[in-house]
$ cat start_17.cif   # mmCIF, C-alpha atoms
data_input
#
loop_
_atom_site.label_atom_id
_atom_site.label_comp_id
_atom_site.auth_asym_id
_atom_site.auth_seq_id
_atom_site.Cartn_x
_atom_site.Cartn_y
_atom_site.Cartn_z
CA MET A 177 -32.75 -12.99 -131.60
CA SER A 178 -29.56 -11.34 -130.39
CA ILE A 179 -28.34 -8.07 -131.87
CA ARG A 180 -25.60 -5.60 -131.05
CA VAL A 181 -25.75 -1.93 -131.99
CA GLU A 182 -22.94 0.54 -131.34
CA PRO A 183 -23.54 3.99 -129.79
CA ASN A 184 -24.79 6.47 -132.47
CA GLN A 185 -25.19 3.64 -134.98
CA LEU A 186 -28.51 3.63 -136.79
CA VAL A 187 -30.37 0.36 -136.93
CA LYS A 188 -33.56 -0.61 -138.72
CA ILE A 189 -36.47 -1.61 -136.48
CA LYS A 190 -39.86 -2.98 -137.44
CA VAL A 191 -42.88 -2.19 -135.28
CA LYS A 192 -46.53 -3.07 -135.83
CA ILE A 193 -48.39 0.16 -135.25
CA ASN A 194 -52.20 0.12 -135.28
CA GLY A 195 -52.15 -3.14 -137.23
CA GLU A 196 -49.62 -2.13 -139.87
CA TRP A 197 -45.89 -2.99 -139.87
CA ARG A 198 -43.75 0.14 -140.04
CA GLU A 199 -39.98 0.44 -140.34
CA GLY A 200 -37.62 3.12 -139.21
CA LEU A 201 -33.95 3.82 -138.52
CA VAL A 202 -33.14 4.55 -134.90
CA GLU A 203 -30.19 5.08 -132.61
CA PRO A 204 -30.33 2.93 -129.47
CA ARG A 205 -31.08 6.01 -127.37
CA LYS A 206 -34.21 7.00 -129.30
CA LEU A 207 -37.35 6.85 -127.17
CA LEU A 208 -40.47 5.12 -128.46
CA VAL A 209 -42.50 8.33 -128.10
CA HIS A 210 -40.21 10.17 -130.54
CA PHE A 211 -40.21 7.24 -132.97
CA LEU A 212 -44.03 7.26 -133.02
CA ARG A 213 -44.33 11.03 -133.37
CA ASP A 214 -41.76 11.08 -136.21
CA LEU A 215 -43.97 8.61 -138.09
CA GLY A 216 -46.92 10.98 -137.68
CA PHE A 217 -48.66 9.43 -134.68
CA THR A 218 -48.92 12.80 -132.99
CA SER A 219 -51.67 11.79 -130.56
CA VAL A 220 -48.75 10.47 -128.51
CA HIS A 221 -47.85 13.54 -126.48
CA VAL A 222 -44.73 14.48 -124.55
CA GLY A 223 -46.06 16.19 -121.46
CA CYS A 224 -43.29 16.06 -118.91
CA ASP A 225 -40.27 14.12 -120.19
CA THR A 226 -39.70 12.82 -116.65
CA SER A 227 -41.94 9.71 -116.88
CA HIS A 228 -44.64 11.16 -114.64
CA CYS A 229 -47.51 12.54 -116.71
CA GLY A 230 -48.63 9.61 -118.89
CA ALA A 231 -49.66 11.78 -121.87
CA CYS A 232 -47.50 9.44 -124.01
CA THR A 233 -49.36 6.27 -122.92
CA VAL A 234 -49.78 3.65 -125.66
CA LEU A 235 -50.55 -0.07 -125.64
CA MET A 236 -47.50 -2.26 -126.22
CA ASN A 237 -48.28 -5.95 -126.72
CA GLY A 238 -51.63 -5.34 -125.04
CA VAL A 239 -50.50 -3.48 -121.91
CA SER A 240 -50.35 0.25 -121.32
CA VAL A 241 -46.88 1.76 -121.12
CA LYS A 242 -45.41 5.24 -121.09
CA SER A 243 -43.77 5.47 -124.50
CA CYS A 244 -41.28 8.03 -123.12
CA THR A 245 -39.97 5.32 -120.79
CA VAL A 246 -39.44 2.65 -123.43
CA LEU A 247 -36.63 2.69 -125.99
CA ALA A 248 -37.80 2.51 -129.60
CA ILE A 249 -35.36 -0.36 -130.17
CA GLN A 250 -36.99 -2.24 -127.28
CA ALA A 251 -40.27 -2.09 -129.18
CA ASP A 252 -38.69 -3.77 -132.24
CA GLY A 253 -41.08 -6.55 -133.29
CA SER A 254 -43.83 -5.49 -130.90
CA ASP A 255 -47.46 -4.55 -131.40
CA ILE A 256 -48.27 -0.92 -130.60
CA VAL A 257 -51.69 0.72 -130.48
CA THR A 258 -51.95 4.51 -130.33
CA LEU A 259 -55.10 6.59 -130.07
CA GLU A 260 -55.16 6.83 -133.89
CA GLY A 261 -55.68 3.08 -134.08
CA LEU A 262 -57.99 2.50 -131.13
CA SER A 263 -61.22 2.37 -133.12
CA GLY A 264 -59.68 0.58 -136.11
CA ASN A 265 -60.77 3.33 -138.57
CA LYS A 266 -64.41 3.03 -137.59
CA GLY A 267 -65.06 6.59 -136.47
CA LEU A 268 -64.84 7.24 -132.77
CA HIS A 269 -64.27 4.43 -130.32
CA ILE A 270 -66.85 4.04 -127.53
CA ILE A 271 -64.36 5.47 -125.03
CA GLN A 272 -63.70 8.50 -127.27
CA GLU A 273 -67.46 9.08 -127.61
CA ALA A 274 -67.91 8.89 -123.85
CA PHE A 275 -65.10 11.43 -123.32
CA TRP A 276 -66.78 13.72 -125.84
CA GLU A 277 -70.26 13.41 -124.35
CA LYS A 278 -69.11 13.88 -120.78
CA HIS A 279 -66.92 16.82 -121.71
CA ALA A 280 -63.89 15.03 -120.29
CA ALA A 281 -61.37 17.02 -122.30
CA GLN A 282 -60.61 20.60 -121.45
CA CYS A 283 -57.30 21.58 -123.04
CA GLY A 284 -57.07 18.02 -124.38
CA TYR A 285 -53.37 17.53 -123.89
CA CYS A 286 -53.67 14.53 -121.54
CA THR A 287 -56.71 13.07 -123.32
CA PRO A 288 -54.94 10.57 -125.61
CA GLY A 289 -53.12 9.14 -122.59
CA MET A 290 -56.32 9.09 -120.55
CA ILE A 291 -58.17 7.22 -123.29
CA MET A 292 -55.41 4.68 -123.90
CA GLN A 293 -55.09 4.02 -120.17
CA THR A 294 -58.90 3.72 -119.94
CA SER A 295 -58.88 1.09 -122.67
CA PHE A 296 -56.35 -0.93 -120.63
CA LEU A 297 -58.27 -0.40 -117.39
CA LEU A 298 -61.63 -1.48 -118.84
CA ARG A 299 -60.17 -4.59 -120.40
CA GLU A 300 -58.68 -5.64 -117.05
CA ASN A 301 -61.69 -4.52 -115.04
CA PRO A 302 -64.91 -4.09 -117.08
CA GLU A 303 -66.93 -2.90 -114.08
CA PRO A 304 -64.68 -0.54 -112.16
CA SER A 305 -65.79 1.34 -109.06
CA GLU A 306 -65.04 5.06 -108.83
CA ASP A 307 -62.01 4.17 -106.70
CA ASP A 308 -60.83 1.64 -109.31
CA ILE A 309 -61.17 4.31 -112.02
CA ARG A 310 -59.24 6.93 -110.06
CA ARG A 311 -56.49 4.45 -109.19
CA GLY A 312 -56.50 3.02 -112.70
CA LEU A 313 -55.91 6.47 -114.19
CA SER A 314 -53.43 7.62 -111.55
CA GLY A 315 -50.60 7.34 -114.08
CA VAL A 316 -52.06 10.06 -116.32
CA LEU A 317 -52.07 13.61 -115.01
CA CYS A 318 -54.66 16.20 -116.06
CA ARG A 319 -54.05 19.79 -115.02
CA CYS A 320 -57.44 21.20 -116.15
CA THR A 321 -60.56 19.25 -115.35
CA GLY A 322 -60.28 18.16 -111.77
CA TYR A 323 -60.87 14.64 -113.08
CA GLN A 324 -64.61 14.43 -112.31
CA ASN A 325 -65.73 14.52 -115.94
CA ILE A 326 -63.04 12.01 -116.83
CA VAL A 327 -64.29 9.61 -114.17
CA ASP A 328 -67.86 10.09 -115.47
CA ALA A 329 -66.69 9.38 -119.03
CA VAL A 330 -64.92 6.18 -118.01
CA ARG A 331 -68.01 5.03 -116.17
CA LEU A 332 -70.19 5.75 -119.23
CA ALA A 333 -67.73 3.94 -121.49
CA ALA A 334 -67.75 0.95 -119.15
CA THR A 335 -71.55 0.75 -119.28
CA ARG A 336 -71.66 1.02 -123.07
CA LEU A 337 -68.88 -1.51 -123.61
CA LYS A 338 -70.76 -3.92 -121.37
CA GLU A 339 -74.01 -3.38 -123.32
CA LEU A 340 -72.17 -3.91 -126.57
CA LYS A 341 -70.71 -7.15 -125.29
CA SER A 342 -74.10 -8.45 -124.08
CA ASN A 343 -75.69 -7.56 -127.46
CA VAL A 344 -72.98 -9.48 -129.28
CA ASN A 345 -73.55 -12.48 -127.02
CA MET B 214 -33.97 15.38 -122.54
CA TYR B 215 -32.63 12.78 -124.94
CA PRO B 216 -30.61 10.06 -123.20
CA PRO B 217 -26.85 10.19 -123.80
CA PRO B 218 -25.56 7.88 -126.57
CA PHE B 219 -25.11 4.25 -125.62
CA GLY B 220 -24.82 0.94 -127.43
CA TYR B 221 -27.47 -1.74 -127.29
CA ILE B 222 -27.17 -5.49 -126.99
CA ARG B 223 -30.25 -7.69 -127.08
CA VAL B 224 -29.59 -11.11 -125.58
CA SER B 225 -31.69 -14.25 -125.62
CA SER B 226 -30.05 -16.20 -122.78
CA VAL B 227 -28.73 -15.52 -119.29
CA GLU B 228 -25.28 -16.75 -120.41
CA ASP B 229 -25.20 -14.16 -123.20
CA ALA B 230 -26.24 -11.46 -120.74
CA ILE B 231 -23.38 -12.36 -118.38
CA ASN B 232 -20.88 -12.54 -121.27
CA SER B 233 -21.99 -9.11 -122.47
CA LEU B 234 -21.70 -7.67 -118.97
CA SER B 235 -18.22 -9.17 -118.58
CA SER B 236 -16.90 -7.92 -121.91
CA ASN B 237 -18.31 -4.37 -121.76
CA GLU B 238 -17.26 -2.16 -118.91
CA ASP B 239 -20.06 0.04 -117.53
CA ALA B 240 -22.77 -1.91 -119.32
CA LYS B 241 -26.20 -1.94 -117.66
CA ILE B 242 -28.98 -4.50 -117.70
CA LEU B 243 -32.36 -3.28 -118.99
CA ALA B 244 -35.33 -5.15 -117.55
CA GLY B 245 -38.46 -2.99 -117.09
CA GLY B 246 -36.48 0.23 -117.46
CA GLN B 247 -38.78 2.23 -115.21
CA SER B 248 -35.86 3.50 -113.10
CA LEU B 249 -33.05 3.21 -115.64
CA ILE B 250 -34.71 5.09 -118.52
CA PRO B 251 -35.72 8.09 -116.36
CA LEU B 252 -32.10 8.18 -115.10
CA LEU B 253 -30.83 8.10 -118.69
CA LYS B 254 -33.13 10.97 -119.61
CA LEU B 255 -31.81 13.01 -116.71
CA ARG B 256 -28.31 11.92 -117.78
CA LEU B 257 -27.64 10.66 -114.29
CA ALA B 258 -26.63 7.32 -115.81
CA ARG B 259 -24.21 6.97 -118.75
CA PRO B 260 -23.79 3.28 -119.48
CA SER B 261 -21.57 2.11 -122.35
CA TYR B 262 -24.09 -0.50 -123.46
CA ILE B 263 -27.64 -1.35 -122.49
CA ILE B 264 -28.11 -5.10 -122.30
CA ASP B 265 -31.77 -5.80 -123.00
CA ILE B 266 -32.79 -9.04 -121.27
CA ASN B 267 -36.48 -8.81 -122.18
CA GLY B 268 -36.04 -11.50 -124.81
CA ILE B 269 -35.04 -14.14 -122.23
CA LYS B 270 -38.38 -15.90 -122.02
CA SER B 271 -37.18 -18.32 -119.32
CA LEU B 272 -37.06 -15.47 -116.76
CA SER B 273 -40.84 -14.83 -116.72
CA TYR B 274 -42.31 -17.10 -114.08
CA ILE B 275 -44.00 -17.18 -110.70
CA LYS B 276 -43.63 -20.65 -109.17
CA ILE B 277 -45.21 -21.57 -105.87
CA GLN B 278 -44.01 -24.90 -104.49
CA ASN B 279 -42.32 -26.46 -101.44
CA ASN B 280 -43.45 -23.59 -99.23
CA GLU B 281 -41.56 -21.08 -101.36
CA ALA B 282 -42.44 -18.60 -104.08
CA ARG B 283 -39.90 -18.10 -106.87
CA ILE B 284 -40.25 -14.96 -108.93
CA GLY B 285 -38.25 -14.71 -112.16
CA ALA B 286 -36.34 -11.56 -113.05
CA LEU B 287 -38.75 -10.51 -115.81
CA ILE B 288 -41.99 -10.72 -113.82
CA ARG B 289 -43.66 -7.28 -113.85
CA HIS B 290 -45.16 -5.71 -110.74
CA HIS B 291 -48.61 -5.97 -112.30
CA GLU B 292 -48.29 -9.74 -112.72
CA ILE B 293 -47.63 -10.00 -108.98
CA GLU B 294 -50.49 -7.61 -108.19
CA VAL B 295 -53.08 -9.79 -109.97
CA ASN B 296 -51.72 -13.21 -108.96
CA GLU B 297 -54.44 -14.86 -106.87
CA GLU B 298 -52.17 -17.60 -105.57
CA LEU B 299 -49.81 -15.01 -104.13
CA TRP B 300 -52.70 -13.15 -102.49
CA LYS B 301 -53.37 -16.39 -100.59
CA ALA B 302 -49.80 -17.55 -100.01
CA CYS B 303 -48.00 -14.27 -99.32
CA PRO B 304 -50.36 -11.27 -99.37
CA SER B 305 -47.78 -8.56 -98.68
CA LEU B 306 -46.24 -9.22 -102.11
CA PRO B 307 -49.28 -8.36 -104.26
CA GLU B 308 -50.30 -5.73 -101.71
CA ALA B 309 -46.96 -3.98 -102.20
CA ALA B 310 -46.96 -4.51 -105.97
CA ALA B 311 -50.32 -2.74 -106.23
CA GLN B 312 -48.88 0.36 -104.53
CA ILE B 313 -45.76 0.80 -106.67
CA GLY B 314 -45.75 3.81 -108.99
CA ASP B 315 -48.74 3.90 -111.32
CA PRO B 316 -50.38 1.28 -113.58
CA GLN B 317 -48.18 1.93 -116.61
CA VAL B 318 -45.03 1.67 -114.49
CA ARG B 319 -46.33 -1.58 -112.98
CA ASN B 320 -46.88 -3.01 -116.47
CA MET B 321 -43.14 -2.72 -117.16
CA GLY B 322 -41.19 -2.54 -113.90
CA THR B 323 -39.73 -5.67 -112.30
CA MET B 324 -38.96 -6.79 -108.74
CA ALA B 325 -35.42 -7.87 -109.66
CA GLY B 326 -34.76 -4.55 -111.37
CA SER B 327 -35.99 -2.66 -108.34
CA LEU B 328 -33.62 -4.63 -106.08
CA ALA B 329 -30.65 -4.12 -108.40
CA HIS B 330 -31.38 -0.39 -108.54
CA ALA B 331 -31.59 -0.28 -104.70
CA ASP B 332 -33.49 2.96 -104.37
CA PRO B 333 -33.98 3.49 -100.63
CA SER B 334 -37.46 4.92 -101.35
CA ALA B 335 -38.60 1.81 -103.25
CA ASP B 336 -41.20 -0.53 -101.80
CA TRP B 337 -39.71 -3.94 -102.64
CA PRO B 338 -36.55 -3.78 -100.50
CA ILE B 339 -38.34 -3.59 -97.13
CA VAL B 340 -41.13 -5.96 -98.16
CA LEU B 341 -38.68 -8.63 -99.32
CA ALA B 342 -36.38 -8.11 -96.34
CA SER B 343 -39.34 -8.51 -93.97
CA LEU B 344 -40.21 -11.79 -95.70
CA ASN B 345 -36.61 -13.00 -95.29
CA ALA B 346 -36.39 -13.40 -99.06
CA ARG B 347 -33.21 -14.14 -100.96
CA ALA B 348 -31.99 -13.39 -104.46
CA VAL B 349 -30.39 -15.90 -106.80
CA ILE B 350 -27.56 -14.09 -108.56
CA ILE B 351 -25.74 -15.27 -111.66
CA GLY B 352 -22.25 -14.23 -112.69
CA PRO B 353 -19.28 -15.56 -114.67
CA ASN B 354 -18.48 -18.01 -111.85
CA GLY B 355 -21.96 -19.46 -111.60
CA GLU B 356 -24.81 -18.89 -109.18
CA ARG B 357 -24.88 -17.57 -105.65
CA THR B 358 -27.72 -16.84 -103.27
CA GLU B 359 -27.85 -13.86 -100.97
CA ASN B 360 -30.41 -12.63 -98.46
CA ILE B 361 -32.03 -9.33 -99.40
CA ASP B 362 -30.86 -7.62 -96.21
CA SER B 363 -27.21 -8.34 -97.03
CA LEU B 364 -27.57 -7.82 -100.81
CA LEU B 365 -28.67 -4.23 -100.29
CA VAL B 366 -25.82 -2.51 -98.50
CA GLY B 367 -27.02 1.09 -98.75
CA PRO B 368 -28.80 3.63 -100.92
CA PHE B 369 -28.19 2.64 -104.58
CA ALA B 370 -25.52 0.16 -103.42
CA THR B 371 -25.65 -3.63 -103.63
CA THR B 372 -23.14 -6.47 -103.47
CA LEU B 373 -23.78 -7.20 -107.17
CA SER B 374 -20.56 -6.99 -109.15
CA ASN B 375 -20.53 -5.42 -112.62
CA GLU B 376 -20.64 -8.92 -114.11
CA GLU B 377 -23.61 -10.24 -112.16
CA MET B 378 -27.38 -10.11 -112.53
CA ILE B 379 -30.33 -11.20 -110.41
CA LYS B 380 -32.01 -14.27 -111.90
CA GLU B 381 -34.83 -14.81 -109.44
CA ILE B 382 -36.09 -13.99 -105.96
CA ILE B 383 -37.08 -16.74 -103.53
CA ILE B 384 -39.62 -15.96 -100.84
CA PRO B 385 -40.32 -18.37 -97.96
CA LEU B 386 -44.06 -18.80 -97.41
CA ASN B 387 -44.22 -19.64 -93.72
CA ARG B 388 -45.17 -16.16 -92.51
CA LYS B 389 -48.19 -13.90 -92.13
CA SER B 390 -47.47 -10.60 -93.83
CA ALA B 391 -48.74 -7.13 -94.64
CA TYR B 392 -47.47 -3.93 -96.23
CA VAL B 393 -48.98 -0.56 -95.31
CA LYS B 394 -47.86 2.54 -97.18
CA LEU B 395 -48.78 6.15 -96.52
CA GLU B 396 -48.65 8.25 -99.69
CA ARG B 397 -49.42 11.92 -100.24
CA LYS B 398 -50.99 10.98 -103.57
CA ALA B 399 -51.41 7.83 -105.66
CA GLY B 400 -48.18 6.77 -107.33
CA ASP B 401 -45.87 8.70 -105.04
CA PHE B 402 -43.05 7.29 -102.96
CA ALA B 403 -44.04 6.61 -99.35
CA VAL B 404 -44.12 9.28 -96.66
CA VAL B 405 -43.56 6.28 -94.41
CA SER B 406 -44.38 2.61 -94.88
CA VAL B 407 -44.08 -0.56 -92.82
CA ALA B 408 -43.61 -4.15 -93.94
CA ALA B 409 -44.44 -6.71 -91.26
CA SER B 410 -44.06 -10.45 -91.40
CA ILE B 411 -44.87 -12.67 -88.47
CA GLU B 412 -44.46 -16.38 -87.84
CA VAL B 413 -47.04 -17.94 -85.57
CA ASP B 414 -46.96 -21.48 -84.13
CA MET B 415 -49.87 -23.96 -83.85
CA ASP B 416 -51.17 -22.32 -80.64
CA GLY B 417 -51.21 -18.87 -82.21
CA SER B 418 -48.15 -17.57 -80.33
CA ILE B 419 -45.73 -15.35 -82.18
CA ILE B 420 -42.40 -17.15 -82.59
CA ASN B 421 -40.73 -14.77 -85.04
CA ALA B 422 -41.32 -11.29 -86.42
CA ARG B 423 -39.53 -9.12 -88.95
CA ILE B 424 -40.57 -5.47 -89.03
CA PHE B 425 -39.00 -3.08 -91.55
CA ALA B 426 -39.87 0.56 -92.15
CA LEU B 427 -39.31 3.00 -94.96
CA SER B 428 -38.75 6.64 -94.25
CA SER B 429 -36.66 8.84 -96.54
CA GLY B 430 -33.07 7.92 -97.08
CA SER B 431 -32.04 5.02 -94.93
CA MET B 432 -31.90 1.57 -96.54
CA LEU B 433 -33.70 -1.31 -94.82
CA ALA B 434 -34.43 0.25 -91.43
CA ARG B 435 -35.39 -2.58 -89.11
CA SER B 436 -37.17 -2.31 -85.76
CA ARG B 437 -35.67 -5.02 -83.59
CA SER B 438 -37.36 -3.77 -80.44
CA ALA B 439 -40.78 -4.03 -82.13
CA GLU B 440 -39.92 -7.59 -83.15
CA GLU B 441 -38.81 -8.51 -79.62
CA THR B 442 -41.92 -6.96 -78.10
CA LEU B 443 -44.12 -9.10 -80.36
CA ILE B 444 -42.14 -12.27 -79.67
CA HIS B 445 -42.02 -11.80 -75.88
CA LYS B 446 -45.35 -10.14 -75.19
CA GLY B 447 -47.49 -11.60 -77.97
CA VAL B 448 -50.52 -10.40 -79.86
CA ASN B 449 -51.71 -8.08 -77.09
CA ALA B 450 -48.61 -5.91 -77.40
CA VAL B 451 -49.24 -4.61 -80.93
CA GLU B 452 -49.63 -1.01 -79.74
CA GLU B 453 -46.34 -1.13 -77.83
CA ALA B 454 -44.55 -2.74 -80.79
CA ALA B 455 -45.87 -0.02 -83.11
CA ASN B 456 -44.56 2.66 -80.76
CA ASN B 457 -41.18 0.89 -80.74
CA VAL B 458 -40.99 1.26 -84.52
CA ALA B 459 -41.17 5.05 -84.10
CA ASN B 460 -38.31 4.91 -81.59
CA ASP B 461 -36.07 2.66 -83.69
CA ILE B 462 -36.26 4.53 -87.00
CA LYS B 463 -34.43 7.74 -87.89
CA PHE B 464 -36.58 10.39 -89.51
CA VAL B 465 -35.58 13.44 -91.51
CA ASP B 466 -37.56 16.42 -92.74
CA ASP B 467 -38.20 16.35 -96.48
CA ALA B 468 -40.78 17.30 -99.10
CA ARG B 469 -43.03 14.43 -97.97
CA GLY B 470 -43.28 15.57 -94.36
CA SER B 471 -41.46 16.69 -91.26
CA ALA B 472 -39.57 14.26 -89.04
CA VAL B 473 -42.01 15.04 -86.21
CA TYR B 474 -45.01 14.16 -88.37
CA LYS B 475 -43.45 10.98 -89.69
CA ARG B 476 -42.54 9.79 -86.19
CA LYS B 477 -46.14 10.24 -85.08
CA VAL B 478 -47.78 8.78 -88.14
CA ILE B 479 -45.55 5.72 -88.38
CA THR B 480 -47.03 4.36 -85.14
CA VAL B 481 -50.42 4.22 -86.89
CA VAL B 482 -48.94 2.69 -90.06
CA ALA B 483 -46.98 0.12 -88.04
CA ARG B 484 -50.03 -0.83 -85.95
CA LYS B 485 -52.11 -1.36 -89.09
CA ALA B 486 -49.37 -3.45 -90.71
CA ILE B 487 -48.91 -5.70 -87.67
CA GLN B 488 -52.65 -6.09 -87.08
CA ARG B 489 -53.34 -6.83 -90.71
CA ALA B 490 -50.56 -9.41 -90.86
CA LEU B 491 -51.88 -11.13 -87.73
CA SER B 492 -55.43 -11.19 -89.14
CA ARG B 493 -54.30 -13.12 -92.22
#
$ encode --input "start_17.cif" --output "structure tokens"
Amino acid sequence: MSIRVEPNQLVKIKVKINGEWREGLVEPRKLLVHFLRDLGFTSVHVGCDTSHCGACTVLMNGVSVKSCTVLAIQADGSDIVTLEGLSGNKGLHIIQEAFWEKHAAQCGYCTPGMIMQTSFLLRENPEPSEDDIRRGLSGVLCRCTGYQNIVDAVRLAATRLKELKSNVN
Amino acid sequence: MYPPPFGYIRVSSVEDAINSLSSNEDAKILAGGQSLIPLLKLRLARPSYIIDINGIKSLSYIKIQNNEARIGALIRHHEIEVNEELWKACPSLPEAAAQIGDPQVRNMGTMAGSLAHADPSADWPIVLASLNARAVIIGPNGERTENIDSLLVGPFATTLSNEEMIKEIIIPLNRKSAYVKLERKAGDFAVVSVAASIEVDMDGSIINARIFALSSGSMLARSRSAEETLIHKGVNAVEEAANNVANDIKFVDDARGSAVYKRKVITVVARKAIQRALSR
């Protein structure tokens, strides 16, 4: 559907966030990350504001994107998943548990982005090698851990997700 | 930083996109936005309107037929990276796609957008030029087709008028190809990179070669002497051709390395690219 919005004009957008349709008024220049944070989804972090760090990573229509490099108005009508919605209100998600157990968060600032990117990576590649994990997470920067515990956590999450899948089958 | 104020037009057809471009001076097309939105945030771009073409479903396709690949303007790098048919038909395309930016950028960014942006550090320009690809461009007066090496006239400069957009990219599939990129770290722009495409006849002799290199600043640097060496001296002259690349390209010192280092290392990168292309 075509629309036209003038500069500084506010327009109503509708976005499905973690399974629930939410509405908000935005200017065309508003970034998705700020739209999400204003609605209270504060797991979505602004780390760099230059599209490098990936702390703002969310899933948009099933693929991981940096929400600081998407306009909120672009996400009108789309399906967004943030860390708050990853487990679907069932406690911690398997990936979150693995990050906890492997001590993969130090200051924790990048962790939401790491976990959202991991969920995309493991869906695309359920059995990643260490190289696949490091490349798959190259769009999220951590300045504390040296990445080793994060890689271990992703590997543990991959194993558990695979077990879960084989139990279901 | 917040982007500067701009208007927003969401279109659902190519015709509407062209009409919006024609009637709004300084309007900009938004495809993946992975170059445009960072520029907006730095306030290096101040368009009057953003014309969002992501709703034009007819622009998302990869078609392989008649010895050509056609890639629609809304195909994301990641879709090229995981396309098994392209890995068989034209491996330097998915090979390059897999080395652009990082995974989140590749989920959004598009080949057509990268060409229109014409960043001299981008991977697509040299890869597509080496493959002798061409872009189909639409404007108010209809369609035109232009080769990538004439479309991109310099850093951030193309022959696209303000009323035109790239609709698709056509890549001939009669060549062996490879793309080798040297990065300081994953997701960075190249220190140097080389895109090689080679046409071989039934007896295995090289009948055509196109060798392009990327090294800070210059747009579409081509090594004609490397190409001639391969055509005249054949598959045993790969080392000599790789050395020719170093002689043909201008290098400058920058944050990614000194000119001296780049000149040395590009011979290795070029040799790998040519050998890998020939092995395919």
$ interface_residues --input "start_17.cif" --of "chain B" --to "chain A" --cutoff "8 Å" --atoms "only C-alpha atoms" --output "PyMOL selection string"
chain B and resi 214-225+246-247+250-251+254-255+261-262+265+268+314-318+320-321+399-400
$ atom_distance --input "start_17.cif" --atom1 "atom CA of Ser428 of chain B" --atom2 "atom CA of Ala450 of chain B"
23.2 Å
$ axis_aligned_box --input "start_17.cif" --around "segment 484-492 of chain B" --padding-each-side "4 Å" --output "AutoDock Vina command-line options"
--center_x -52.2 --center_y -6.0 --center_z -88.4 --size_x 14.5 --size_y 18.4 --size_z 12.9
$ atom_distance --input "start_17.cif" --atom1 "atom CA of Phe275 of chain A" --atom2 "atom CA of Arg319 of chain B"
25.1 Å
$ atom_distance --input "start_17.cif" --atom1 "atom CA of Arg336 of chain A" --atom2 "atom CA of Glu297 of chain B"
28.5 Å
$ closest_residue --input "start_17.cif" --among "A:Glu196, A:His221, A:Ile256, A:Ile270" --to "Gly238 of chain A" --atoms "all atoms listed in the file"
A:Ile256
$ resolve_selection --input "start_17.cif" --expression "the PyMOL selection byres ((chain A and resi 258) around 9)" --output "list in words"
Ile193, Asn194, Leu212, Phe217, Ser219, Val220, Thr233, Val234, Leu235, Ile256, Val257, Leu259, Glu260, Gly261, Leu262, Pro288 and Met292 of chain A
$ resolve_selection --input "start_17.cif" --expression "the PyMOL selection byres ((chain A and resi 320) around 10)" --output "ChimeraX atom specification"
/A:280-286,317-319,321-323
$ resolve_selection --input "start_17.cif" --expression "the PyMOL selection byres ((chain B and resi 329) around 8)" --output "ChimeraX atom specification"
/B:325-328,330-331,371,373,378-379
$ closest_residue --input "start_17.cif" --among "B:Arg484, B:Lys276, B:Arg435, B:Arg469" --to "Asn456 of chain B" --atoms "all atoms listed in the file"
B:Arg484
$ residues_around --input "start_17.cif" --residues "Leu364 of chain B" --least-positions-apart "4" --cutoff "12 Å" --atoms "all atoms listed in the file" --output "number ranges by chain"
B: 325, 328-331, 338, 341-342, 345-350, 357-360, 368-374, 378-379, 382, 432-433
$ residues_around --input "start_17.cif" --residues "Ile288 of chain B" --least-positions-apart "2" --cutoff "12 Å" --atoms "all atoms listed in the file" --output "VMD selection string"
chain B and resid 244 to 245 266 to 267 269 to 276 283 to 286 290 to 296 310 319 to 327 380 to 382
$ build_atoms --input "start_17.cif" --residues "segment 469-475 of chain B" --atoms "N, CA, C and O atoms" --output "PDB file, in the coordinates of the input"
ATOM      1  N   ARG B 469     -41.860  15.267 -98.266  1.00  0.00           N
ATOM      2  CA  ARG B 469     -43.030  14.430 -97.970  1.00  0.00           C
ATOM      3  C   ARG B 469     -43.497  14.568 -96.523  1.00  0.00           C
ATOM      4  O   ARG B 469     -44.469  13.933 -96.139  1.00  0.00           O
ATOM      5  N   GLY B 470     -42.810  15.355 -95.725  1.00  0.00           N
ATOM      6  CA  GLY B 470     -43.280  15.570 -94.360  1.00  0.00           C
ATOM      7  C   GLY B 470     -42.138  15.869 -93.419  1.00  0.00           C
ATOM      8  O   GLY B 470     -40.967  15.628 -93.740  1.00  0.00           O
ATOM      9  N   SER B 471     -42.490  16.395 -92.254  1.00  0.00           N
ATOM     10  CA  SER B 471     -41.460  16.690 -91.260  1.00  0.00           C
ATOM     11  C   SER B 471     -41.139  15.417 -90.481  1.00  0.00           C
ATOM     12  O   SER B 471     -41.935  14.474 -90.437  1.00  0.00           O
ATOM     13  N   ALA B 472     -39.969  15.419 -89.850  1.00  0.00           N
ATOM     14  CA  ALA B 472     -39.570  14.260 -89.040  1.00  0.00           C
ATOM     15  C   ALA B 472     -40.573  14.049 -87.910  1.00  0.00           C
ATOM     16  O   ALA B 472     -40.920  12.913 -87.574  1.00  0.00           O
ATOM     17  N   VAL B 473     -41.062  15.129 -87.338  1.00  0.00           N
ATOM     18  CA  VAL B 473     -42.010  15.040 -86.210  1.00  0.00           C
ATOM     19  C   VAL B 473     -43.300  14.344 -86.669  1.00  0.00           C
ATOM     20  O   VAL B 473     -43.805  13.427 -86.014  1.00  0.00           O
ATOM     21  N   TYR B 474     -43.786  14.758 -87.824  1.00  0.00           N
ATOM     22  CA  TYR B 474     -45.010  14.160 -88.370  1.00  0.00           C
ATOM     23  C   TYR B 474     -44.814  12.675 -88.665  1.00  0.00           C
ATOM     24  O   TYR B 474     -45.625  11.830 -88.301  1.00  0.00           O
ATOM     25  N   LYS B 475     -43.682  12.374 -89.298  1.00  0.00           N
ATOM     26  CA  LYS B 475     -43.450  10.980 -89.690  1.00  0.00           C
ATOM     27  C   LYS B 475     -43.338  10.086 -88.456  1.00  0.00           C
ATOM     28  O   LYS B 475     -43.825   8.950 -88.460  1.00  0.00           O
TER      29      LYS B 475
END
